[in-house]
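Engineer: Supplied structure: protein25.cif, mmCIF, C-alpha atoms.
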data_work
#
loop_
_atom_site.label_atom_id
_atom_site.label_comp_id
_atom_site.auth_asym_id
_atom_site.auth_seq_id
_atom_site.Cartn_x
_atom_site.Cartn_y
_atom_site.Cartn_z
CA MET A 433 5.05 9.31 -6.72
CA LYS A 434 4.76 7.09 -3.65
CA THR A 435 1.16 6.27 -2.68
CA LEU A 436 0.06 4.45 0.47
CA ILE A 437 -3.21 2.48 0.27
CA CYS A 438 -4.96 1.86 3.57
CA GLY A 439 -8.30 0.93 5.15
CA LYS A 440 -10.04 -1.63 7.35
CA GLY A 441 -9.50 -5.33 6.93
CA GLY A 442 -11.39 -6.75 3.97
CA CYS A 443 -12.22 -3.39 2.39
CA GLY A 444 -10.27 -4.18 -0.77
CA LYS A 445 -6.86 -2.56 -0.29
CA SER A 446 -5.02 -5.34 -2.10
CA LEU A 447 -7.62 -5.40 -4.88
CA VAL A 448 -7.22 -1.66 -5.47
CA THR A 449 -3.42 -1.95 -5.27
CA ALA A 450 -3.27 -4.80 -7.79
CA LEU A 451 -5.71 -3.35 -10.31
CA LEU A 452 -4.17 0.11 -10.06
CA ALA A 453 -0.66 -1.31 -10.55
CA MET A 454 -1.73 -3.16 -13.69
CA GLU A 455 -3.57 -0.11 -15.03
CA LEU A 456 -0.49 2.07 -14.58
CA THR A 457 1.73 -0.45 -16.37
CA LYS A 458 -0.67 -0.33 -19.32
CA ARG A 459 0.15 3.37 -19.43
CA ARG A 460 3.84 2.47 -19.69
CA TYR A 461 4.82 3.26 -16.12
CA LYS A 462 7.06 1.08 -13.99
CA VAL A 463 5.29 0.25 -10.73
CA ILE A 464 6.99 -0.82 -7.51
CA VAL A 465 4.40 -2.53 -5.32
CA VAL A 466 5.41 -2.70 -1.66
CA ASP A 467 3.52 -5.41 0.24
CA ASN A 468 3.45 -4.10 3.80
CA ASP A 469 0.70 -6.43 5.06
CA GLU A 470 2.41 -9.05 7.18
CA SER A 471 -0.63 -11.35 7.44
CA ASN A 472 -2.08 -11.23 3.90
CA PHE A 473 -0.65 -13.72 1.41
CA GLY A 474 -2.99 -12.79 -1.46
CA LEU A 475 -1.56 -9.70 -3.16
CA HIS A 476 0.97 -11.58 -5.26
CA ILE A 477 -1.77 -13.92 -6.47
CA GLN A 478 -3.93 -10.98 -7.52
CA LEU A 479 -0.94 -9.62 -9.44
CA GLY A 480 -0.20 -13.00 -11.02
CA ILE A 481 3.36 -12.90 -9.72
CA GLU A 482 5.52 -14.99 -7.38
CA LEU A 483 5.88 -13.92 -3.75
CA PRO A 484 9.51 -12.80 -3.30
CA LYS A 485 11.68 -13.49 -0.27
CA ASP A 486 10.93 -11.24 2.70
CA PHE A 487 12.90 -8.03 2.32
CA ALA A 488 13.63 -8.18 6.06
CA LEU A 489 15.84 -11.23 5.38
CA HIS A 490 18.16 -9.02 3.35
CA PHE A 491 19.03 -7.28 6.63
CA GLY A 492 19.34 -10.42 8.74
CA GLY A 493 15.68 -11.16 9.41
CA LYS A 494 13.10 -9.93 11.87
CA ARG A 495 15.29 -10.48 14.95
CA ILE A 496 18.11 -8.31 13.63
CA VAL A 497 15.71 -5.60 12.48
CA THR A 498 14.13 -5.71 15.96
CA GLU A 499 17.52 -5.31 17.64
CA LYS A 500 18.34 -2.31 15.46
CA LEU A 501 14.92 -0.84 16.22
CA LEU A 502 15.36 -1.26 19.98
CA GLY A 503 18.90 0.07 19.79
CA SER A 504 17.67 3.26 18.12
CA LYS A 505 15.37 4.24 20.99
CA GLY A 506 16.51 7.29 22.89
CA ALA A 507 18.61 8.60 20.02
CA GLU A 508 16.69 11.83 19.47
CA GLU A 509 18.71 13.09 16.53
CA GLU A 510 19.03 9.79 14.66
CA ARG A 511 16.05 8.02 13.11
CA PHE A 512 15.87 4.25 12.94
CA SER A 513 17.44 3.00 9.71
CA VAL A 514 18.79 -0.31 8.48
CA ILE A 515 18.98 0.87 4.88
CA GLY A 516 21.23 3.78 5.78
CA GLY A 517 20.94 5.85 2.63
CA GLU A 518 19.25 6.47 -0.69
CA ILE A 519 18.00 3.37 -2.50
CA ARG A 520 16.38 2.81 -5.88
CA ALA A 521 14.37 -0.15 -7.13
CA SER A 522 17.32 -1.23 -9.28
CA ASP A 523 19.47 -1.53 -6.13
CA ILE A 524 17.27 -4.23 -4.60
CA PRO A 525 18.61 -7.79 -5.19
CA GLU A 526 16.53 -9.94 -7.55
CA ASP A 527 15.62 -12.49 -4.83
CA TYR A 528 13.65 -9.80 -3.03
CA MET A 529 11.85 -8.33 -6.04
CA SER A 530 9.46 -10.37 -8.19
CA LYS A 531 8.80 -8.94 -11.65
CA LYS A 532 6.11 -9.31 -14.27
CA GLY A 533 6.01 -6.81 -17.10
CA GLY A 534 6.15 -3.37 -15.54
CA VAL A 535 5.12 -4.59 -12.07
CA ASN A 536 7.83 -5.13 -9.42
CA LEU A 537 6.70 -6.68 -6.13
CA LEU A 538 8.60 -6.25 -2.86
CA ALA A 539 7.31 -7.96 0.31
CA ILE A 540 8.59 -6.39 3.54
CA GLY A 541 7.93 -9.46 5.70
CA LYS A 542 5.31 -12.01 6.65
CA ILE A 543 4.24 -13.58 9.95
CA ARG A 544 4.80 -17.29 9.28
CA ASP A 545 5.28 -19.05 12.62
CA PHE A 546 3.46 -19.49 15.92
CA GLY A 547 4.53 -17.03 18.61
CA GLU A 548 6.54 -14.92 16.18
CA GLY A 549 5.46 -11.67 17.79
CA CYS A 550 4.20 -8.34 16.53
CA ALA A 551 4.75 -6.78 13.12
CA CYS A 552 6.34 -3.55 14.43
CA PRO A 553 9.79 -4.34 12.96
CA PHE A 554 8.26 -4.88 9.53
CA ASN A 555 6.43 -1.57 9.71
CA ALA A 556 9.60 0.17 10.87
CA LEU A 557 11.56 -1.33 7.96
CA SER A 558 8.81 -0.28 5.55
CA ALA A 559 8.91 3.27 6.90
CA ASP A 560 12.69 3.30 6.49
CA LEU A 561 12.47 1.99 2.92
CA LEU A 562 9.87 4.55 1.85
CA ARG A 563 11.89 7.43 3.29
CA MET A 564 15.00 6.27 1.46
CA LEU A 565 13.39 5.08 -1.80
CA LYS A 566 14.07 7.38 -4.75
CA LEU A 567 11.93 6.95 -7.83
CA ASN A 568 13.03 7.55 -11.39
CA GLU A 569 10.95 9.41 -13.94
CA GLY A 570 8.07 7.19 -15.03
CA GLU A 571 7.96 5.19 -11.79
CA PHE A 572 5.17 4.84 -9.25
CA ALA A 573 5.31 3.13 -5.86
CA LEU A 574 2.11 1.67 -4.39
CA VAL A 575 2.15 0.51 -0.76
CA ASP A 576 -0.44 -2.05 0.35
CA THR A 577 -0.71 -1.71 4.13
CA ASP A 578 -1.96 -3.89 6.96
CA ALA A 579 -5.50 -3.38 8.25
CA GLY A 580 -6.37 -0.40 10.42
CA VAL A 581 -4.05 2.43 11.42
CA GLU A 582 -1.04 0.79 13.10
CA HIS A 583 1.15 1.75 10.14
CA PHE A 584 0.48 5.40 11.04
CA GLY A 585 1.94 4.75 14.48
CA ARG A 586 5.11 3.36 12.90
CA GLY A 587 5.39 6.32 10.50
CA VAL A 588 5.04 4.24 7.32
CA GLU A 589 3.30 7.14 5.59
CA THR A 590 6.19 9.55 6.27
CA GLY A 591 7.98 8.72 3.03
CA CYS A 592 4.83 8.74 0.90
CA ASP A 593 3.45 11.60 -1.18
CA LEU A 594 -0.24 10.87 -0.66
CA LEU A 595 -2.61 8.38 0.96
CA LEU A 596 -5.61 6.56 -0.45
CA MET A 597 -8.16 5.31 2.09
CA VAL A 598 -10.35 2.51 0.71
CA ILE A 599 -13.88 2.65 2.15
CA GLU A 600 -16.40 -0.17 1.88
CA PRO A 601 -20.12 0.12 2.76
CA SER A 602 -19.90 -0.24 6.56
CA GLN A 603 -19.92 2.06 9.56
CA GLU A 604 -16.60 0.61 10.71
CA SER A 605 -15.01 1.63 7.42
CA ILE A 606 -16.56 5.11 7.52
CA ARG A 607 -15.34 5.73 11.07
CA LEU A 608 -11.87 4.43 10.29
CA ALA A 609 -11.74 6.84 7.34
CA GLU A 610 -12.53 9.72 9.69
CA LYS A 611 -9.76 8.62 12.05
CA GLY A 612 -7.33 8.14 9.16
CA ASN A 613 -8.12 11.60 7.83
CA LYS A 614 -7.40 13.19 11.21
CA ILE A 615 -4.08 11.34 11.56
CA ALA A 616 -3.11 12.22 7.99
CA GLU A 617 -3.75 15.90 8.70
CA GLU A 618 -1.53 15.68 11.78
CA ALA A 619 1.17 14.05 9.64
CA GLY A 620 0.82 16.71 6.94
CA LYS A 621 -0.07 14.17 4.26
CA PRO A 622 -2.93 14.54 1.75
CA LEU A 623 -5.51 11.76 2.02
CA TYR A 624 -8.19 10.84 -0.51
CA TYR A 625 -11.00 8.29 -0.51
CA VAL A 626 -11.71 5.35 -2.81
CA LEU A 627 -15.23 3.96 -2.40
CA ASN A 628 -15.25 0.21 -3.03
CA LYS A 629 -17.82 -2.62 -3.31
CA THR A 630 -20.60 -0.16 -4.07
CA ASP A 631 -23.92 -0.16 -5.87
CA ASP A 632 -26.05 2.91 -6.58
CA GLU A 633 -27.59 2.94 -3.09
CA THR A 634 -24.42 2.31 -1.07
CA ALA A 635 -22.37 4.73 -3.18
CA LYS A 636 -24.89 7.50 -2.46
CA PHE A 637 -24.87 6.68 1.26
CA LEU A 638 -21.06 6.74 1.43
CA LEU A 639 -20.88 10.01 -0.51
CA ASP A 640 -23.27 11.52 2.04
CA SER A 641 -21.20 10.13 4.92
CA VAL A 642 -17.71 11.37 4.02
CA ASP A 643 -16.15 14.50 2.55
CA LYS A 644 -17.16 14.33 -1.14
CA ASN A 645 -14.23 16.54 -2.09
CA LYS A 646 -11.86 13.78 -1.03
CA VAL A 647 -13.52 11.03 -3.09
CA VAL A 648 -11.42 10.35 -6.20
CA SER A 649 -12.87 7.02 -7.34
CA VAL A 650 -15.98 4.87 -6.93
CA ILE A 651 -15.51 1.16 -7.65
CA PRO A 652 -18.63 -1.01 -7.96
CA GLU A 653 -19.10 -4.46 -6.48
CA ASP A 654 -18.32 -7.04 -9.15
CA LYS A 655 -18.83 -10.81 -9.01
CA LYS A 656 -15.62 -11.35 -10.98
CA VAL A 657 -13.65 -10.17 -7.95
CA PHE A 658 -15.20 -12.93 -5.81
CA ARG A 659 -14.75 -15.63 -8.48
CA TYR A 660 -11.13 -14.78 -9.21
CA GLY A 661 -10.37 -14.57 -5.50
CA LEU A 662 -11.99 -17.94 -4.83
CA VAL A 663 -9.95 -19.84 -7.44
CA GLY A 664 -6.77 -17.78 -6.90
CA GLU A 665 -6.39 -16.23 -10.34
CA ALA A 666 -4.67 -12.97 -11.26
CA LEU A 667 -6.99 -9.99 -11.66
CA ASP A 668 -6.50 -9.59 -15.40
CA PHE A 669 -9.72 -7.68 -16.00
CA GLU A 670 -10.70 -4.02 -15.96
CA LEU A 671 -12.96 -2.65 -13.23
CA LYS A 672 -14.88 0.58 -13.41
CA GLY A 673 -13.33 3.32 -11.30
CA VAL A 674 -9.73 2.07 -11.52
CA GLY A 675 -9.00 4.07 -14.68
CA GLU A 676 -10.30 7.22 -12.97
CA LEU A 677 -8.01 6.50 -10.02
CA ALA A 678 -5.01 6.17 -12.34
CA ASP A 679 -6.03 9.44 -14.04
CA PHE A 680 -6.04 11.12 -10.63
CA LEU A 681 -2.53 9.89 -9.76
CA GLU A 682 -1.22 11.00 -13.16
CA ARG A 683 -2.63 14.48 -12.61
CA LYS A 684 -1.13 14.68 -9.12
CA LYS A 685 2.25 13.47 -10.39
CA SER A 686 2.20 16.10 -13.16
CA ARG A 687 1.32 18.93 -10.78
CA ASP A 688 3.97 17.93 -8.24
CA ARG A 689 6.85 18.01 -10.71
#
Now, as a test, write the supplied structure out as structure tokens.
Structural biologist:
Amino acid sequence: MKTLICGKGGCGKSLVTALLAMELTKRRYKVIVVDNDESNFGLHIQLGIELPKDFALHFGGKRIVTEKLLGSKGAEEERFSVIGGEIRASDIPEDYMSKKGGVNLLAIGKIRDFGEGCACPFNALSADLLRMLKLNEGEFALVDTDAGVEHFGRGVETGCDLLLMVIEPSQESIRLAEKGNKIAEEAGKPLYYVLNKTDDETAKFLLDSVDKNKVVSVIPEDKKVFRYGLVGEALDFELKGVGELADFLERKKSRDR
């Protein structure tokens, strides 16, 4: 199952991705984590794993990917692709995949230099990878996206089976969830909500503000998250709500077989 995790900046997408990945590995799954956030350098720290080389470098770097992307415009019957065919996690060279236990981290690309330009080529490469990626039995793919909804515009969700929208206690997050749900419906992809950073009061407010039937997990605010993030330590603790989220994905995977 390939799951895309999205939401507004700072809502906790990377936190949910990291904790969910580690929970699934405890259940003896292999997890491929795709870091699709070009400006966030924290996911690998939360996983306690080294940041691999940008996957875009495997295809010549951002400039070459951009040229292929521009060259594909106007070709109505041929979608943009640098990968070109089916790919499995085992096909990806070791330099581009960091591993720790059952977690395998792939970073599409990062913005590192002044004036480097937009992240569209990275999103296009991510969309291509997810369309072509074939998972073996016992494998999950979790995609940590950039903030907002630009990844929808690049079709990153096309190759995914379902979407998880992380919602924090803010009107901006609630409204983005509404927009994300509408776009997901247009794309024909199921979208579910994960409420994050909640207490009893904010959880109730969020449940009254969104479609309750789409809420699959409620994760409380926890000071450990702040402390571990401040000192840059791996999130090697359990957090309420993450187990329920893993249960949900297991059920979906079983039903979709």
Engineer: Using the chain letters and numbering of this document, enumerate as number ranges by chain the residues selected by the PyMOL selection byres ((chain A and resi 445) around 12).
Structural biologist: A: 436-444, 446-452, 467-469, 472, 474-475, 478, 574-580, 595-600, 605, 625-629, 651
Engineer: Need to verify the contact set: Asp486 of chain A, 7 Å, all atoms listed in the file, exclusion of same-chain residues closer than 5 positions in sequence. Can you return it as JSON, numbers by chain?
Structural biologist: {"A": [528, 539, 540, 541, 542]}
Engineer: Take the selection from the previous step and output its residues with C-alpha atoms, as a PDB file, in the coordinates of the input.
Structural biologist:
ATOM      1  CA  TYR A 528      13.650  -9.800  -3.030  1.00  0.00           C
ATOM      2  CA  ALA A 539       7.310  -7.960   0.310  1.00  0.00           C
ATOM      3  CA  ILE A 540       8.590  -6.390   3.540  1.00  0.00           C
ATOM      4  CA  GLY A 541       7.930  -9.460   5.700  1.00  0.00           C
ATOM      5  CA  LYS A 542       5.310 -12.010   6.650  1.00  0.00           C
TER       6      LYS A 542
END
Engineer: How far is it from atom CA of Leu456 of chain A to atom CA of Ser602 of chain A, in Å with one decimal?
Structural biologist: 28.8 Å
Engineer: With all atoms listed in the file as the basis for distance, which of A:Lys611, A:Lys672, A:Lys685, A:Lys656 is at the shortest distance from Val642 of chain A?
Structural biologist: A:Lys611
Engineer: Written as a PyMOL selection string, which residues does the PyMOL selection byres ((chain A and resi 564) around 8) give for the file shown?
Structural biologist: chain A and resi 515-519+560-563+565-566+591
Engineer: For the provided coordinates, the residues matched by the PyMOL selection byres ((chain A and resi 522) around 12) should be stated as a list in words.
Structural biologist: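 Applied to this file, the PyMOL selection byres ((chain A and resi 522) around 12) returns Lys462, Ile464, Glu518, Ile519, Arg520, Ala521, Asp523, Ile524, Pro525, Glu526, Tyr528, Met529, Lys531, Asn536, Leu538, Leu565, Lys566, Leu567, Asn568 and Glu571 of chain A.
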Engineer: With distances taken over all atoms listed in the file, which of A:Glu470, A:Asp688, A:Phe491, A:Gly673 is nearest to Glu653 of chain A?
Structural biologist: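 Ranking A:Glu470, A:Asp688, A:Phe491, A:Gly673 by distance to Glu653 of chain A, first place goes to A:Gly673.
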Engineer: Which is closest to Pro553 of chain A among A:Thr590, A:Gln603, A:Thr498, A:Ser530, if we use only C-alpha atoms?
Structural biologist: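 Going through A:Thr590, A:Gln603, A:Thr498, A:Ser530 one by one, the smallest distance to Pro553 of chain A is for A:Thr498.
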Engineer: Measuring atom to atom with only C-alpha atoms, identify which of A:Leu662, A:Asp631, A:Ala678, A:Leu671 is nearest to Val648 of chain A.
Structural biologist: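 Of the candidates, the smallest distance to Val648 of chain A is held by A:Ala678.
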Engineer: Which is closer to Asp527 of chain A than all the others in A:Lys485, A:Arg460, A:Lys684, A:His476, using only C-alpha atoms?
Structural biologist: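 Using only C-alpha atoms, the shortest distance to Asp527 of chain A belongs to A:Lys485.
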Engineer: Taking all atoms listed in the file into account, which of A:Asn613, A:Met454, A:Glu604, A:Ile496 comes nearest Val674 of chain A?
Structural biologist: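 Of A:Asn613, A:Met454, A:Glu604, A:Ile496, the one nearest Val674 of chain A, counting all atoms listed in the file, is A:Met454.
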Engineer: Mind giving me the straight-line distance from atom CA of Tyr461 of chain A to atom CA of Gly661 of chain A in Å, one decimal?
Structural biologist: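 Atom CA of Gly661 of chain A lies 25.7 Å from atom CA of Tyr461 of chain A.
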Engineer: Can you list, as a PyMOL selection string, every protein, DNA or RNA residue that comes within 6 Å of Val463 of chain A when you count only C-alpha atoms, leaving out same-chain residues fewer than 2 positions away?
Structural biologist: chain A and resi 535+571-573
Engineer: Work out how far apart atom CA of Glu665 of chain A and atom CA of Leu483 of chain A are and give it in Å to one decimal.
Structural biologist: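 Here the two named atoms are 14.1 Å from each other.
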Engineer: Could you give me the centre and size, in Å to one decimal, of an axis-aligned box around all listed atoms of segment 604-618 of chain A with 6 Å added on every side, as lines of an AutoDock Vina configuration file?
Structural biologist:
center_x = -9.1
center_y = 8.3
center_z = 9.7
size_x = 27.1
size_y = 27.3
size_z = 16.7
